$ cat input_16.csv   # CSV, C-alpha atoms
chain,number,residue,atom,x,y,z
A,1,MET,CA,-72.0,157.0,152.5
A,2,SER,CA,-74.7,157.4,155.2
A,3,LEU,CA,-74.9,155.2,158.2
A,4,ASP,CA,-77.4,157.3,160.0
A,5,THR,CA,-80.0,154.6,160.3
A,6,PRO,CA,-80.0,150.8,160.3
A,7,ALA,CA,-81.6,150.9,156.9
A,8,ALA,CA,-78.9,153.2,155.6
A,9,ALA,CA,-76.2,150.9,157.0
A,10,GLU,CA,-77.9,147.9,155.3
A,11,ALA,CA,-78.1,149.8,152.0
A,12,ALA,CA,-74.4,150.7,152.3
A,13,PHE,CA,-73.4,147.1,153.0
A,14,TYR,CA,-75.2,145.7,149.9
A,15,ALA,CA,-74.0,148.6,147.7
A,16,ALA,CA,-70.4,147.9,148.8
A,17,PHE,CA,-71.0,144.2,148.1
A,18,GLU,CA,-72.4,144.9,144.6
A,19,GLN,CA,-69.6,147.3,143.8
A,20,GLY,CA,-66.9,145.1,145.2
A,21,ASP,CA,-65.7,148.2,147.1
A,22,LEU,CA,-63.5,146.9,149.9
A,23,GLU,CA,-63.0,150.3,151.7
A,24,ARG,CA,-66.7,151.0,151.8
A,25,MET,CA,-67.4,147.5,152.9
A,26,MET,CA,-65.0,147.8,155.8
A,27,GLU,CA,-66.5,151.3,156.7
A,28,VAL,CA,-69.8,149.6,157.3
A,29,TRP,CA,-68.3,147.2,159.8
A,30,ALA,CA,-67.7,148.4,163.4
A,31,PRO,CA,-64.0,148.9,164.2
A,32,ARG,CA,-64.1,146.3,166.9
A,33,ALA,CA,-62.1,143.1,167.6
A,34,ASP,CA,-65.2,140.9,168.0
A,35,ILE,CA,-67.1,141.6,164.8
A,36,THR,CA,-68.2,138.3,163.3
A,37,CYS,CA,-69.0,137.3,159.7
A,38,VAL,CA,-70.5,134.0,158.6
A,39,HIS,CA,-70.5,133.6,154.9
A,40,PRO,CA,-72.9,130.9,153.5
A,41,LEU,CA,-71.7,127.4,154.3
A,42,ALA,CA,-68.5,128.8,155.9
A,43,GLY,CA,-67.4,128.9,159.5
A,44,PRO,CA,-67.3,132.2,161.5
A,45,LEU,CA,-64.7,134.8,160.9
A,46,VAL,CA,-63.9,137.0,163.9
A,47,GLY,CA,-62.2,140.4,163.8
A,48,PRO,CA,-61.6,143.0,161.1
A,49,SER,CA,-58.5,141.4,159.7
A,50,ALA,CA,-60.1,138.0,158.9
A,51,ILE,CA,-63.3,139.6,157.7
A,52,ARG,CA,-61.4,142.0,155.4
A,53,ALA,CA,-59.4,139.2,154.0
A,54,SER,CA,-62.7,137.3,153.1
A,55,TRP,CA,-64.0,140.3,151.2
A,56,VAL,CA,-60.7,140.7,149.3
A,57,GLU,CA,-61.1,137.1,148.2
A,58,ILE,CA,-64.8,137.5,147.3
A,59,PHE,CA,-64.2,140.8,145.4
A,60,SER,CA,-61.2,139.3,143.5
A,61,ASN,CA,-63.9,137.9,141.2
A,62,GLU,CA,-65.0,141.1,139.5
A,63,VAL,CA,-68.2,139.8,137.9
A,64,PRO,CA,-71.0,142.3,138.3
A,65,ARG,CA,-73.5,141.3,141.0
A,66,ARG,CA,-76.8,142.7,141.9
A,67,PHE,CA,-78.6,142.1,145.2
A,68,GLU,CA,-82.3,142.1,145.9
A,69,VAL,CA,-83.1,142.3,149.5
A,70,GLU,CA,-86.5,141.4,151.1
A,71,PRO,CA,-87.1,141.8,154.8
A,72,ILE,CA,-88.2,138.8,156.8
A,73,TRP,CA,-87.9,140.1,160.4
A,74,ALA,CA,-86.5,143.2,162.1
A,75,SER,CA,-86.0,144.6,165.6
A,76,ALA,CA,-84.5,147.8,166.6
A,77,THR,CA,-83.8,149.7,169.9
A,78,GLU,CA,-81.7,152.9,170.4
A,79,GLU,CA,-78.5,150.9,170.3
A,80,THR,CA,-79.0,147.6,168.4
A,81,ALA,CA,-80.7,146.8,165.2
A,82,ILE,CA,-81.3,143.2,163.9
A,83,ARG,CA,-82.5,142.6,160.4
A,84,THR,CA,-83.2,139.1,158.9
A,85,LEU,CA,-83.8,139.1,155.2
A,86,TYR,CA,-83.7,137.3,151.9
A,87,GLU,CA,-80.7,138.1,149.7
A,88,THR,CA,-81.1,137.2,146.1
A,89,ILE,CA,-78.0,137.6,143.9
A,90,THR,CA,-78.2,138.0,140.2
A,91,LEU,CA,-75.3,138.2,137.7
A,92,PRO,CA,-76.6,140.6,135.0
A,93,LEU,CA,-74.0,139.7,132.4
A,94,SER,CA,-74.9,136.1,132.3
A,95,HIS,CA,-78.6,136.6,133.3
A,96,GLN,CA,-78.1,134.1,136.2
A,97,ARG,CA,-80.3,134.4,139.3
A,98,PHE,CA,-79.3,132.3,142.3
A,99,PRO,CA,-81.6,130.8,144.9
A,100,ALA,CA,-82.3,133.2,147.8
A,101,LEU,CA,-80.1,133.2,150.8
A,102,ILE,CA,-81.1,134.2,154.3
A,103,ALA,CA,-79.0,136.7,156.2
A,104,THR,CA,-79.2,138.0,159.8
A,105,ASN,CA,-77.4,141.3,160.1
A,106,VAL,CA,-76.8,143.1,163.4
A,107,TYR,CA,-75.9,146.7,163.7
A,108,HIS,CA,-74.8,148.7,166.7
A,109,ARG,CA,-75.0,152.5,167.0
A,110,LEU,CA,-71.5,153.8,167.7
A,111,ALA,CA,-70.9,157.6,167.9
A,112,GLY,CA,-74.2,158.1,166.1
A,113,GLN,CA,-73.4,155.8,163.2
A,114,TRP,CA,-74.9,152.3,162.7
A,115,ARG,CA,-72.1,149.8,162.1
A,116,MET,CA,-72.3,146.1,161.3
A,117,VAL,CA,-71.2,143.8,164.1
A,118,LEU,CA,-72.6,140.5,162.8
A,119,HIS,CA,-73.4,139.1,159.3
A,120,HIS,CA,-74.7,135.5,159.4
A,121,ALA,CA,-75.7,134.3,155.9
A,122,SER,CA,-76.9,130.8,155.0
A,123,VAL,CA,-78.4,128.8,152.2
A,124,ILE,CA,-81.9,127.5,151.8
A,125,GLY,CA,-81.8,123.9,150.7
A,126,PRO,CA,-78.8,121.6,150.1
A,127,SER,CA,-77.4,123.4,147.1
A,128,GLU,CA,-73.9,124.8,147.2
A,129,LEU,CA,-73.3,128.4,146.1
A,130,PRO,CA,-71.3,128.8,142.9
A,131,PRO,CA,-67.7,129.8,143.7
A,132,GLU,CA,-68.0,133.2,141.9
A,133,ILE,CA,-70.3,134.4,144.7
A,134,VAL,CA,-68.5,133.3,147.8
A,135,SER,CA,-65.2,132.0,148.9
A,136,PRO,CA,-65.0,128.5,147.4
A,137,THR,CA,-63.4,127.0,150.6
A,138,PRO,CA,-65.8,126.9,153.5
A,139,SER,CA,-63.8,127.3,156.7
A,140,THR,CA,-63.9,124.5,159.2
A,141,ARG,CA,-64.2,124.7,162.9
A,142,HIS,CA,-61.0,125.0,164.7
B,1,MET,CA,-87.7,127.0,184.1
B,2,SER,CA,-85.9,130.3,184.5
B,3,LEU,CA,-85.8,132.9,181.8
B,4,ASP,CA,-84.2,135.5,184.1
B,5,THR,CA,-81.2,136.1,181.9
B,6,PRO,CA,-80.3,135.6,178.2
B,7,ALA,CA,-78.0,132.7,179.3
B,8,ALA,CA,-80.9,131.1,181.2
B,9,ALA,CA,-83.2,131.4,178.2
B,10,GLU,CA,-80.5,129.8,176.0
B,11,ALA,CA,-80.2,127.0,178.4
B,12,ALA,CA,-83.9,126.5,178.5
B,13,PHE,CA,-84.1,126.5,174.7
B,14,TYR,CA,-81.5,123.7,174.4
B,15,ALA,CA,-82.9,121.8,177.3
B,16,ALA,CA,-86.3,121.7,175.7
B,17,PHE,CA,-84.7,120.7,172.4
B,18,GLU,CA,-82.8,117.8,174.0
B,19,GLN,CA,-85.9,116.7,175.9
B,20,GLY,CA,-88.3,117.1,173.0
B,21,ASP,CA,-90.5,119.1,175.3
B,22,LEU,CA,-92.9,121.1,173.1
B,23,GLU,CA,-94.5,123.1,175.9
B,24,ARG,CA,-91.2,124.2,177.4
B,25,MET,CA,-89.9,125.0,173.9
B,26,MET,CA,-92.8,127.2,173.2
B,27,GLU,CA,-92.5,128.9,176.6
B,28,VAL,CA,-89.0,130.0,175.6
B,29,TRP,CA,-90.4,131.8,172.5
B,30,ALA,CA,-92.0,135.2,172.9
B,31,PRO,CA,-95.8,135.2,172.4
B,32,ARG,CA,-95.6,137.5,169.5
B,33,ALA,CA,-96.8,137.2,165.9
B,34,ASP,CA,-93.5,138.0,164.3
B,35,ILE,CA,-91.2,135.5,166.0
B,36,THR,CA,-89.1,133.9,163.3
B,37,CYS,CA,-87.3,130.5,163.1
B,38,VAL,CA,-84.9,129.4,160.5
B,39,HIS,CA,-84.0,125.7,160.8
B,40,PRO,CA,-80.8,124.6,159.0
B,41,LEU,CA,-81.3,124.6,155.2
B,42,ALA,CA,-85.0,125.6,155.6
B,43,GLY,CA,-86.8,128.8,154.8
B,44,PRO,CA,-88.1,131.1,157.6
B,45,LEU,CA,-91.1,130.2,159.7
B,46,VAL,CA,-92.9,133.2,161.1
B,47,GLY,CA,-95.3,133.2,164.0
B,48,PRO,CA,-96.0,130.8,166.9
B,49,SER,CA,-98.3,128.5,164.9
B,50,ALA,CA,-95.8,127.7,162.2
B,51,ILE,CA,-92.9,127.5,164.6
B,52,ARG,CA,-94.8,125.2,167.0
B,53,ALA,CA,-95.7,122.9,164.1
B,54,SER,CA,-92.0,122.6,163.1
B,55,TRP,CA,-91.1,121.5,166.6
B,56,VAL,CA,-93.9,119.0,166.6
B,57,GLU,CA,-92.4,117.5,163.5
B,58,ILE,CA,-88.8,117.6,164.9
B,59,PHE,CA,-89.8,116.1,168.2
B,60,SER,CA,-91.9,113.3,166.5
B,61,ASN,CA,-88.5,111.6,166.1
B,62,GLU,CA,-87.9,110.6,169.7
B,63,VAL,CA,-84.3,109.7,169.4
B,64,PRO,CA,-82.3,111.1,172.4
B,65,ARG,CA,-80.2,114.1,171.4
B,66,ARG,CA,-77.5,116.0,173.3
B,67,PHE,CA,-76.4,119.5,172.4
B,68,GLU,CA,-73.0,121.1,173.1
B,69,VAL,CA,-73.1,124.8,172.7
B,70,GLU,CA,-70.0,127.0,172.3
B,71,PRO,CA,-70.2,130.7,172.1
B,72,ILE,CA,-68.9,132.6,169.0
B,73,TRP,CA,-70.2,136.1,169.6
B,74,ALA,CA,-72.6,137.8,171.9
B,75,SER,CA,-74.2,141.2,172.5
B,76,ALA,CA,-76.6,142.3,175.1
B,77,THR,CA,-78.4,145.5,176.2
B,78,GLU,CA,-81.1,145.9,178.7
B,79,GLU,CA,-83.8,144.8,176.2
B,80,THR,CA,-82.1,142.7,173.5
B,81,ALA,CA,-79.6,139.9,173.6
B,82,ILE,CA,-78.0,138.3,170.6
B,83,ARG,CA,-75.9,135.1,170.9
B,84,THR,CA,-74.2,133.4,167.9
B,85,LEU,CA,-72.8,130.0,168.8
B,86,TYR,CA,-71.8,126.5,167.6
B,87,GLU,CA,-74.4,123.8,168.1
B,88,THR,CA,-73.0,120.3,168.1
B,89,ILE,CA,-75.6,117.5,168.2
B,90,THR,CA,-74.8,114.0,169.3
B,91,LEU,CA,-77.0,111.0,169.4
B,92,PRO,CA,-75.9,109.1,172.5
B,93,LEU,CA,-77.7,105.8,171.6
B,94,SER,CA,-75.8,105.4,168.3
B,95,HIS,CA,-72.7,107.4,169.3
B,96,GLN,CA,-73.2,109.7,166.4
B,97,ARG,CA,-71.7,113.2,166.4
B,98,PHE,CA,-72.8,115.6,163.7
B,99,PRO,CA,-70.8,118.5,162.3
B,100,ALA,CA,-71.3,121.7,164.2
B,101,LEU,CA,-74.0,124.1,163.1
B,102,ILE,CA,-74.0,127.8,163.6
B,103,ALA,CA,-77.0,129.5,165.2
B,104,THR,CA,-77.8,133.1,165.9
B,105,ASN,CA,-80.4,133.4,168.7
B,106,VAL,CA,-82.1,136.7,169.6
B,107,TYR,CA,-83.9,137.3,172.9
B,108,HIS,CA,-86.0,140.2,174.0
B,109,ARG,CA,-86.8,141.0,177.6
B,110,LEU,CA,-90.5,141.0,178.0
B,111,ALA,CA,-92.0,141.6,181.5
B,112,GLY,CA,-88.7,140.7,183.0
B,113,GLN,CA,-88.3,137.4,181.2
B,114,TRP,CA,-85.9,136.8,178.2
B,115,ARG,CA,-87.9,135.2,175.4
B,116,MET,CA,-86.6,134.0,172.0
B,117,VAL,CA,-87.7,136.1,169.0
B,118,LEU,CA,-85.3,134.8,166.4
B,119,HIS,CA,-83.5,131.4,165.9
B,120,HIS,CA,-81.4,131.3,162.7
B,121,ALA,CA,-79.5,128.1,162.3
B,122,SER,CA,-77.3,127.0,159.4
B,123,VAL,CA,-74.9,124.3,158.3
B,124,ILE,CA,-71.1,124.7,157.8
B,125,GLY,CA,-70.1,123.1,154.5
B,126,PRO,CA,-72.2,121.5,151.8
B,127,SER,CA,-73.4,118.5,153.8
B,128,GLU,CA,-77.1,117.9,154.5
B,129,LEU,CA,-78.3,117.3,157.9
B,130,PRO,CA,-79.7,113.8,158.6
B,131,PRO,CA,-83.5,113.8,158.7
B,132,GLU,CA,-83.7,112.7,162.3
B,133,ILE,CA,-82.3,116.1,163.4
B,134,VAL,CA,-84.4,118.5,161.4
B,135,SER,CA,-87.4,118.5,159.2
B,136,PRO,CA,-86.4,116.7,156.0
B,137,THR,CA,-88.2,119.1,153.7
B,138,PRO,CA,-86.6,122.5,153.6
B,139,SER,CA,-89.2,125.1,152.9
B,140,THR,CA,-88.9,127.1,149.7
B,141,ARG,CA,-89.4,130.8,149.3
B,142,HIS,CA,-92.9,131.9,148.6
$ encode --input "input_16.csv" --output "structure tokens"
Amino acid sequence: MSLDTPAAAEAAFYAAFEQGDLERMMEVWAPRADITCVHPLAGPLVGPSAIRASWVEIFSNEVPRRFEVEPIWASATEETAIRTLYETITLPLSHQRFPALIATNVYHRLAGQWRMVLHHASVIGPSELPPEIVSPTPSTRH
Amino acid sequence: MSLDTPAAAEAAFYAAFEQGDLERMMEVWAPRADITCVHPLAGPLVGPSAIRASWVEIFSNEVPRRFEVEPIWASATEETAIRTLYETITLPLSHQRFPALIATNVYHRLAGQWRMVLHHASVIGPSELPPEIVSPTPSTRH
């Protein structure tokens, strides 16, 4: 798995998501206490432990998923890359295609590797996501 | 209006939002063609013209609003600052307090001033925002 560029890190993130591969998913994330993940309609999760637990829950549904990603906006310096994009999820087995989400992903370059430090995903429009895609219980603020 | 630091730019953004001050709001944004704004539940708006039009619409409802902002995550280098936070809106006249939103705001330092280049706001939970807070017609992907 290459994390040599922000684009490679992005590809690794969505590949791990498609494959439900927890170890690869957590390799994309920076090993830092303040990494932050906002799943659609959910509250923020902070830190590797909480974020890992959310992917365990998401990946417990083993339905095959495919992602299409389309850039909206991007910014990169030597140390920080920010990529806002559409995420469109399809379930090939049932030929379902869900409305596009918007995600802002932030990567930092750490020891030459681009690692995710923020994932902020959100829905367009009032619809809820089906529970097979994300955790069915949005966190509340606390 | 000071934009000397990312925190000052953030304060200026929310002050303009509270005051419904279109000119100050657009001063916070970088004068660049690719600035991007995602209002809660809406699709992305790209460029000063589309973003300005959205604030005209939002500010056309002149109900006083107050924002409370609480940091979730932040990152800053010499050139780029990213701040993810809770936004809680209250309407003092009617004593209404809305559920917290999550926003990721990105600022770039341009000629010594920190200017907004991305605002990505989203809801927590399935509820829709009341129309007096945001544009009532979420954009669709196109």
$ residues_around --input "input_16.csv" --residues "B:Ser122" --least-positions-apart "5" --cutoff "7 Å" --atoms "only C-alpha atoms" --output "PyMOL selection string"
(chain A and resi 122) or (chain B and resi 39-41+101-103)
$ residues_near_point --input "input_16.csv" --point "(-75.8, 149.0, 156.7)" --cutoff "10 Å" --atoms "all atoms listed in the file" --output "PyMOL selection string"
chain A and resi 1-16+25+27-29+83+105-107+113-116
$ interface_residues --input "input_16.csv" --of "chain A" --to "chain B" --cutoff "10 Å" --atoms "all atoms listed in the file" --output "mmCIF file with C-alpha atoms, in the coordinates of the input"
data_model
loop_
_atom_site.group_PDB
_atom_site.id
_atom_site.type_symbol
_atom_site.label_atom_id
_atom_site.label_comp_id
_atom_site.auth_asym_id
_atom_site.auth_seq_id
_atom_site.Cartn_x
_atom_site.Cartn_y
_atom_site.Cartn_z
ATOM 1 C CA ASP A 34 -65.200 140.900 168.000
ATOM 2 C CA ILE A 35 -67.100 141.600 164.800
ATOM 3 C CA THR A 36 -68.200 138.300 163.300
ATOM 4 C CA VAL A 38 -70.500 134.000 158.600
ATOM 5 C CA HIS A 39 -70.500 133.600 154.900
ATOM 6 C CA PRO A 40 -72.900 130.900 153.500
ATOM 7 C CA LEU A 41 -71.700 127.400 154.300
ATOM 8 C CA ALA A 42 -68.500 128.800 155.900
ATOM 9 C CA GLY A 43 -67.400 128.900 159.500
ATOM 10 C CA PRO A 44 -67.300 132.200 161.500
ATOM 11 C CA LEU A 45 -64.700 134.800 160.900
ATOM 12 C CA VAL A 46 -63.900 137.000 163.900
ATOM 13 C CA ILE A 72 -88.200 138.800 156.800
ATOM 14 C CA TRP A 73 -87.900 140.100 160.400
ATOM 15 C CA ALA A 74 -86.500 143.200 162.100
ATOM 16 C CA SER A 75 -86.000 144.600 165.600
ATOM 17 C CA ALA A 76 -84.500 147.800 166.600
ATOM 18 C CA THR A 77 -83.800 149.700 169.900
ATOM 19 C CA GLU A 78 -81.700 152.900 170.400
ATOM 20 C CA GLU A 79 -78.500 150.900 170.300
ATOM 21 C CA THR A 80 -79.000 147.600 168.400
ATOM 22 C CA ALA A 81 -80.700 146.800 165.200
ATOM 23 C CA ILE A 82 -81.300 143.200 163.900
ATOM 24 C CA THR A 84 -83.200 139.100 158.900
ATOM 25 C CA LEU A 85 -83.800 139.100 155.200
ATOM 26 C CA TYR A 86 -83.700 137.300 151.900
ATOM 27 C CA PRO A 99 -81.600 130.800 144.900
ATOM 28 C CA ALA A 100 -82.300 133.200 147.800
ATOM 29 C CA LEU A 101 -80.100 133.200 150.800
ATOM 30 C CA ILE A 102 -81.100 134.200 154.300
ATOM 31 C CA ALA A 103 -79.000 136.700 156.200
ATOM 32 C CA THR A 104 -79.200 138.000 159.800
ATOM 33 C CA VAL A 106 -76.800 143.100 163.400
ATOM 34 C CA HIS A 108 -74.800 148.700 166.700
ATOM 35 C CA VAL A 117 -71.200 143.800 164.100
ATOM 36 C CA LEU A 118 -72.600 140.500 162.800
ATOM 37 C CA HIS A 119 -73.400 139.100 159.300
ATOM 38 C CA HIS A 120 -74.700 135.500 159.400
ATOM 39 C CA ALA A 121 -75.700 134.300 155.900
ATOM 40 C CA SER A 122 -76.900 130.800 155.000
ATOM 41 C CA VAL A 123 -78.400 128.800 152.200
ATOM 42 C CA ILE A 124 -81.900 127.500 151.800
ATOM 43 C CA GLY A 125 -81.800 123.900 150.700
ATOM 44 C CA PRO A 126 -78.800 121.600 150.100
ATOM 45 C CA SER A 127 -77.400 123.400 147.100
ATOM 46 C CA GLU A 128 -73.900 124.800 147.200
ATOM 47 C CA LEU A 129 -73.300 128.400 146.100
ATOM 48 C CA THR A 137 -63.400 127.000 150.600
ATOM 49 C CA PRO A 138 -65.800 126.900 153.500
ATOM 50 C CA SER A 139 -63.800 127.300 156.700
ATOM 51 C CA THR A 140 -63.900 124.500 159.200
ATOM 52 C CA ARG A 141 -64.200 124.700 162.900
#
$ atom_distance --input "input_16.csv" --atom1 "atom CA of B:Phe67" --atom2 "atom CA of B:Gln96"
11.9 Å
$ residues_around --input "input_16.csv" --residues "stretch 90-93 of chain A" --least-positions-apart "2" --cutoff "12 Å" --atoms "all atoms listed in the file" --output "VMD selection string"
chain A and resid 18 61 to 69 87 to 88 95 to 101 130 132 to 133
$ write_last_selection --input "input_16.csv" --atoms "C-alpha atoms" --output "CSV table (one decimal), in the coordinates of the input"
chain,number,residue,atom,x,y,z
A,18,GLU,CA,-72.4,144.9,144.6
A,61,ASN,CA,-63.9,137.9,141.2
A,62,GLU,CA,-65.0,141.1,139.5
A,63,VAL,CA,-68.2,139.8,137.9
A,64,PRO,CA,-71.0,142.3,138.3
A,65,ARG,CA,-73.5,141.3,141.0
A,66,ARG,CA,-76.8,142.7,141.9
A,67,PHE,CA,-78.6,142.1,145.2
A,68,GLU,CA,-82.3,142.1,145.9
A,69,VAL,CA,-83.1,142.3,149.5
A,87,GLU,CA,-80.7,138.1,149.7
A,88,THR,CA,-81.1,137.2,146.1
A,95,HIS,CA,-78.6,136.6,133.3
A,96,GLN,CA,-78.1,134.1,136.2
A,97,ARG,CA,-80.3,134.4,139.3
A,98,PHE,CA,-79.3,132.3,142.3
A,99,PRO,CA,-81.6,130.8,144.9
A,100,ALA,CA,-82.3,133.2,147.8
A,101,LEU,CA,-80.1,133.2,150.8
A,130,PRO,CA,-71.3,128.8,142.9
A,132,GLU,CA,-68.0,133.2,141.9
A,133,ILE,CA,-70.3,134.4,144.7
$ atom_distance --input "input_16.csv" --atom1 "atom CA of A:Gly112" --atom2 "atom CA of A:Glu23"
19.8 Å
$ atom_distance --input "input_16.csv" --atom1 "atom CA of B:Val56" --atom2 "atom CA of B:Leu22"
6.9 Å
